[in-house]
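Colleague: This is input_2.tsv, which holds TSV, C-alpha atoms and all ligand atoms:
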chain	number	residue	atom	x	y	z
A	65	MET	CA	54.69	-34.52	-28.97
A	66	ARG	CA	55.75	-36.23	-25.77
A	67	HIS	CA	55.87	-40.01	-25.23
A	68	ILE	CA	55.77	-40.73	-21.52
A	69	PHE	CA	56.57	-44.13	-20.00
A	70	ILE	CA	55.77	-45.29	-16.48
A	71	SER	CA	55.61	-48.67	-14.75
A	72	ASP	CA	55.46	-50.39	-11.38
A	73	LEU	CA	53.34	-47.84	-9.51
A	74	HIS	CA	51.63	-50.73	-7.67
A	75	LEU	CA	48.62	-48.50	-7.02
A	76	SER	CA	46.24	-49.58	-4.28
A	77	GLU	CA	44.03	-48.19	-1.55
A	78	ASN	CA	46.99	-48.67	0.81
A	79	THR	CA	49.46	-46.33	-0.90
A	80	PRO	CA	48.10	-42.80	-0.27
A	81	GLN	CA	51.49	-41.15	-0.86
A	82	ILE	CA	52.02	-42.76	-4.27
A	83	ASN	CA	48.39	-42.06	-5.15
A	84	SER	CA	48.80	-38.34	-4.56
A	85	ILE	CA	52.07	-38.27	-6.54
A	86	TYR	CA	50.24	-40.08	-9.33
A	87	GLU	CA	47.38	-37.59	-9.24
A	88	ALA	CA	49.81	-34.67	-9.57
A	89	PHE	CA	51.58	-36.50	-12.38
A	90	SER	CA	48.37	-37.10	-14.34
A	91	LEU	CA	47.41	-33.42	-13.96
A	92	SER	CA	50.78	-32.48	-15.47
A	93	LEU	CA	50.00	-34.29	-18.74
A	94	SER	CA	48.78	-32.25	-21.66
A	95	ALA	CA	46.97	-32.72	-24.96
A	96	ASN	CA	48.93	-34.71	-27.58
A	97	ASP	CA	50.98	-36.54	-24.95
A	98	THR	CA	50.98	-40.33	-25.19
A	99	LEU	CA	51.13	-42.18	-21.87
A	100	TYR	CA	52.53	-45.73	-21.93
A	101	ILE	CA	51.85	-47.76	-18.80
A	102	LEU	CA	54.27	-50.70	-18.84
A	103	GLY	CA	52.80	-53.00	-16.24
A	104	ASP	CA	52.20	-53.38	-12.52
A	105	PHE	CA	50.19	-50.17	-12.60
A	106	PHE	CA	47.85	-51.75	-10.06
A	107	ASN	CA	49.17	-53.67	-7.10
A	108	TYR	CA	46.78	-56.46	-7.99
A	109	TRP	CA	43.92	-57.10	-10.38
A	110	LEU	CA	41.54	-60.03	-9.91
A	111	GLY	CA	38.98	-59.30	-12.63
A	112	LYS	CA	36.52	-56.58	-13.55
A	113	ASP	CA	33.82	-58.07	-11.32
A	114	CYS	CA	36.24	-57.63	-8.40
A	115	MET	CA	37.08	-54.01	-9.31
A	116	SER	CA	37.32	-51.89	-6.17
A	117	PRO	CA	35.95	-48.32	-6.03
A	118	PHE	CA	39.57	-47.15	-5.87
A	119	GLN	CA	40.49	-49.03	-9.06
A	120	GLU	CA	37.39	-47.67	-10.78
A	121	THR	CA	38.40	-44.11	-9.85
A	122	ILE	CA	41.87	-44.65	-11.32
A	123	LEU	CA	40.51	-46.06	-14.60
A	124	SER	CA	38.01	-43.18	-14.83
A	125	GLY	CA	40.93	-40.81	-14.36
A	126	LEU	CA	42.66	-42.40	-17.38
A	127	LYS	CA	39.46	-41.98	-19.37
A	128	ARG	CA	39.43	-38.27	-18.48
A	129	LEU	CA	43.04	-38.01	-19.71
A	130	ASN	CA	41.82	-39.38	-23.04
A	131	GLU	CA	39.10	-36.72	-23.11
A	132	LYS	CA	41.85	-34.10	-22.65
A	133	GLY	CA	43.57	-35.39	-25.81
A	134	ILE	CA	46.08	-37.69	-24.12
A	135	CYS	CA	46.45	-41.14	-25.66
A	136	VAL	CA	46.70	-43.84	-22.98
A	137	LYS	CA	48.25	-47.26	-23.68
A	138	PHE	CA	48.27	-50.04	-21.11
A	139	MET	CA	50.45	-53.14	-20.88
A	140	VAL	CA	49.89	-55.56	-18.04
A	141	GLY	CA	52.55	-56.68	-15.56
A	142	ASN	CA	52.85	-59.73	-13.36
A	143	ARG	CA	50.57	-58.17	-10.74
A	144	ASP	CA	47.78	-57.00	-13.01
A	145	PHE	CA	47.94	-59.49	-15.89
A	146	LEU	CA	44.29	-60.41	-15.40
A	147	MET	CA	43.26	-56.95	-16.63
A	148	GLU	CA	40.71	-57.40	-19.42
A	149	PRO	CA	41.39	-55.68	-22.77
A	150	ASP	CA	37.65	-55.01	-23.27
A	151	LEU	CA	37.41	-53.28	-19.90
A	152	LEU	CA	40.33	-51.02	-20.84
A	153	GLU	CA	38.65	-50.31	-24.15
A	154	SER	CA	35.51	-49.15	-22.33
A	155	TYR	CA	37.71	-46.51	-20.63
A	156	ASN	CA	39.26	-45.54	-24.00
A	157	ILE	CA	42.57	-47.12	-23.01
A	158	ALA	CA	44.50	-49.05	-25.66
A	159	TYR	CA	45.70	-52.53	-24.66
A	160	LEU	CA	49.33	-53.23	-25.56
A	161	GLN	CA	50.51	-56.81	-26.05
A	162	ASP	CA	53.71	-57.74	-24.22
A	163	PRO	CA	56.09	-57.32	-25.97
A	164	THR	CA	55.22	-54.68	-28.54
A	165	CYS	CA	57.58	-52.94	-30.94
A	166	LEU	CA	56.47	-49.43	-31.97
A	167	VAL	CA	58.06	-46.76	-34.13
A	168	ILE	CA	58.38	-43.60	-32.03
A	169	ASP	CA	60.11	-40.50	-33.41
A	170	GLY	CA	61.69	-42.72	-36.08
A	171	LEU	CA	63.09	-45.19	-33.54
A	172	ARG	CA	61.99	-48.79	-33.26
A	173	VAL	CA	61.15	-49.10	-29.58
A	174	LEU	CA	60.62	-52.52	-28.00
A	175	LEU	CA	58.30	-52.31	-25.00
A	176	SER	CA	57.69	-54.95	-22.36
A	177	HIS	CA	56.87	-55.21	-18.69
A	178	GLY	CA	60.09	-57.22	-18.54
A	179	ASP	CA	59.31	-60.18	-16.28
A	180	GLN	CA	59.32	-62.66	-19.17
A	181	TRP	CA	62.90	-61.58	-19.93
A	182	CYS	CA	64.17	-62.44	-16.43
A	183	THR	CA	64.96	-65.94	-17.68
A	184	ASP	CA	67.72	-66.55	-15.13
A	185	ASN	CA	64.97	-66.97	-12.53
A	186	VAL	CA	63.90	-70.43	-13.62
A	187	SER	CA	61.36	-70.98	-10.83
A	188	TYR	CA	59.64	-67.67	-11.60
A	189	GLN	CA	59.39	-68.56	-15.32
A	190	ARG	CA	57.85	-71.92	-14.41
A	191	PHE	CA	55.33	-70.17	-12.13
A	192	ARG	CA	54.62	-67.59	-14.86
A	193	ARG	CA	53.89	-70.26	-17.46
A	194	VAL	CA	51.32	-71.82	-15.13
A	195	VAL	CA	49.50	-68.63	-14.14
A	196	ARG	CA	49.50	-67.24	-17.69
A	197	ASN	CA	48.06	-70.44	-19.12
A	198	LYS	CA	44.74	-69.59	-20.82
A	199	GLY	CA	42.96	-72.63	-19.34
A	200	ILE	CA	44.16	-71.81	-15.82
A	201	ILE	CA	43.05	-68.17	-16.27
A	202	ALA	CA	39.60	-69.29	-17.46
A	203	ILE	CA	39.20	-71.55	-14.42
A	204	PHE	CA	40.40	-68.78	-12.09
A	205	ARG	CA	37.93	-66.29	-13.60
A	206	ALA	CA	35.06	-68.74	-13.03
A	207	LEU	CA	35.80	-68.99	-9.30
A	208	PRO	CA	33.73	-67.01	-6.79
A	209	GLN	CA	35.23	-63.62	-5.86
A	210	LYS	CA	35.97	-64.75	-2.29
A	211	THR	CA	37.97	-67.73	-3.50
A	212	ARG	CA	39.89	-65.56	-5.96
A	213	LEU	CA	40.77	-63.10	-3.19
A	214	LYS	CA	42.00	-65.97	-1.02
A	215	ILE	CA	44.16	-67.43	-3.80
A	216	ALA	CA	45.59	-64.00	-4.62
A	217	GLU	CA	46.48	-63.50	-0.96
A	218	LYS	CA	48.18	-66.94	-0.85
A	219	LEU	CA	50.13	-66.16	-4.02
A	220	ARG	CA	51.26	-62.84	-2.61
A	221	GLN	CA	52.56	-64.52	0.55
A	222	HIS	CA	54.23	-67.19	-1.55
A	223	SER	CA	55.81	-64.65	-3.86
A	224	THR	CA	57.32	-62.72	-0.95
A	225	LYS	CA	58.73	-65.94	0.46
A	226	LYS	CA	60.11	-67.28	-2.78
A	227	ASN	CA	61.38	-64.04	-4.24
A	228	TYR	CA	59.18	-64.23	-7.27
A	229	GLU	CA	59.23	-60.47	-7.21
A	230	PRO	CA	61.75	-58.47	-9.21
A	231	LEU	CA	65.28	-58.12	-8.03
A	232	GLU	CA	67.00	-60.02	-10.78
A	233	ASP	CA	67.82	-58.37	-14.08
A	234	ILE	CA	66.64	-59.16	-17.56
A	235	ASN	CA	68.61	-61.42	-19.86
A	236	ILE	CA	69.33	-59.43	-23.02
A	237	GLU	CA	69.30	-62.61	-25.16
A	238	ALA	CA	65.68	-63.19	-24.07
A	239	THR	CA	64.52	-59.85	-25.50
A	240	ASP	CA	65.16	-60.98	-29.07
A	241	PHE	CA	65.80	-57.33	-29.91
A	242	GLU	CA	67.61	-58.20	-33.14
A	243	THR	CA	64.52	-59.96	-34.53
A	244	HIS	CA	62.42	-56.90	-33.67
A	245	GLN	CA	65.17	-54.71	-35.17
A	246	ALA	CA	64.82	-52.56	-32.09
A	247	ASP	CA	66.86	-49.39	-31.57
A	248	LEU	CA	65.69	-49.02	-28.01
A	249	ILE	CA	64.25	-51.29	-25.32
A	250	ILE	CA	62.06	-49.84	-22.55
A	251	HIS	CA	60.81	-52.06	-19.75
A	252	GLY	CA	59.80	-52.11	-16.10
A	253	HIS	CA	59.58	-54.87	-13.50
A	254	THR	CA	63.19	-54.79	-12.25
A	255	HIS	CA	62.57	-51.64	-10.16
A	256	ASN	CA	66.11	-50.51	-10.85
A	257	PRO	CA	66.32	-47.53	-13.22
A	258	ILE	CA	69.11	-47.95	-15.70
A	259	THR	CA	70.11	-46.61	-19.11
A	260	GLN	CA	72.85	-48.52	-20.91
A	261	VAL	CA	73.98	-49.92	-24.21
A	262	VAL	CA	74.02	-53.71	-24.11
A	263	SER	CA	75.20	-56.34	-26.58
A	264	ASN	CA	74.02	-59.84	-27.29
A	265	GLN	CA	76.29	-62.83	-27.83
A	266	ALA	CA	76.32	-62.14	-31.57
A	267	GLY	CA	77.81	-58.72	-30.80
A	268	GLN	CA	74.78	-56.65	-31.81
A	269	SER	CA	74.05	-53.69	-29.56
A	270	VAL	CA	70.92	-51.94	-28.38
A	271	LYS	CA	70.10	-49.18	-25.94
A	272	ARG	CA	68.11	-50.38	-22.99
A	273	ILE	CA	66.19	-48.31	-20.45
A	274	ALA	CA	64.73	-49.88	-17.31
A	275	LEU	CA	62.12	-47.78	-15.55
A	276	SER	CA	61.99	-47.35	-11.79
A	277	ASP	CA	59.16	-48.40	-9.53
A	278	TRP	CA	57.37	-45.64	-7.63
A	279	GLY	CA	57.99	-45.04	-3.96
A	280	PRO	CA	58.52	-41.78	-2.08
A	281	LYS	CA	59.12	-40.39	-5.57
A	282	GLY	CA	57.40	-41.03	-8.85
A	283	ASN	CA	59.32	-41.22	-12.08
A	284	ALA	CA	58.72	-41.24	-15.78
A	285	LEU	CA	60.76	-41.51	-18.93
A	286	ILE	CA	59.93	-38.84	-21.50
A	287	LEU	CA	60.85	-39.20	-25.16
A	288	GLU	CA	60.47	-35.98	-27.11
A	289	ASN	CA	62.05	-35.16	-30.46
A	290	GLY	CA	64.50	-38.03	-30.12
A	291	GLN	CA	65.66	-36.83	-26.69
A	292	GLU	CA	65.13	-38.93	-23.61
A	293	ASN	CA	64.71	-37.63	-20.09
A	294	PHE	CA	64.19	-39.47	-16.84
A	295	ILE	CA	62.24	-37.25	-14.51
A	296	TYR	CA	61.58	-37.73	-10.81
A	297	PHE	CA	58.89	-35.86	-8.95
B	301	MN	MN	56.52	-56.64	-12.19
Could you spell out this file's structure in structure tokens?
Modeller:
Amino acid sequence: MRHIFISDLHLSENTPQINSIYEAFSLSLSANDTLYILGDFFNYWLGKDCMSPFQETILSGLKRLNEKGICVKFMVGNRDFLMEPDLLESYNIAYLQDPTCLVIDGLRVLLSHGDQWCTDNVSYQRFRRVVRNKGIIAIFRALPQKTRLKIAEKLRQHSTKKNYEPLEDINIEATDFETHQADLIIHGHTHNPITQVVSNQAGQSVKRIALSDWGPKGNALILENGQENFIYF
């Protein structure tokens, strides 16, 4: 049984190359695989009433994977955090809270998109607290689609200017891996693939794998029978 982890595809109508890599990747999956999407799957998500035909096609594709016997689990990232759990459910996709600790092949695996662990970026964390506030989200969802699109566009410009986007690394203390009793941490967001053993200040160690974003190549981490493999395609 294969456990397959991907993140940071940033899928949109404007990324035909990544979209075709993704299509080939999804065709390569087989029954009994579990696919874990660890955030920023979509380049943006404004709400189900703003779902584009492209986004609908992608979600329908995930539903078809489920019909082929592939279990699909979805965690949101900083770009698609407005994704609604009930919408995912209607496509037979399981919503994963961020973070989530799961037992996989006997290992306790701590999963997160990873942005909340980049605590050295104080301005990003402040911004994140505002946009993830339930009241703010409710107000945003009540706005007309046009206004939401405008705000999203403004935020995107702002985020490019202010470097809200990844580039910094996670702070291992922020993961709280010892409380989760994690053997392995898997996350995305930082766009810099890395496998390493890291220690906290108390001297406890954990293995940490950061996934890569998708560009000219796609990539996935595969856990199978306790073995891990990073594949590029
Ligand atoms: Mn991200």
Colleague: What do you get as a ChimeraX atom specification if you pick all residues at most 9 Å from ligand MN 301 (chain B), counting only C-alpha atoms and all ligand atoms?
Modeller: /A:71-72,74,103-104,140-144,177-179,229-230,252-255
Colleague: Measure the distance from CA of Ile168 in chain A to CA of Lys271 in chain A in Å and round it to one decimal.
Modeller: 14.3 Å
Colleague: With only C-alpha atoms as the atoms that count, which of A:Leu160, A:Ile295, A:Leu152, A:Ile200 lies nearest to Leu174 in chain A?
Modeller: A:Leu160
Colleague: When you count only C-alpha atoms, which of these residues is closest to Arg220 in chain A: A:Asn289, A:Asn283, A:Asn107, A:Gln265?
Modeller: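 Using only C-alpha atoms, the shortest distance to Arg220 in chain A belongs to A:Asn107.
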Colleague: Distance CA of Asn130 in chain A-CA of Ala284 in chain A, one decimal place?
Modeller: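 Rounded to one decimal, the two atoms are 18.5 Å apart.
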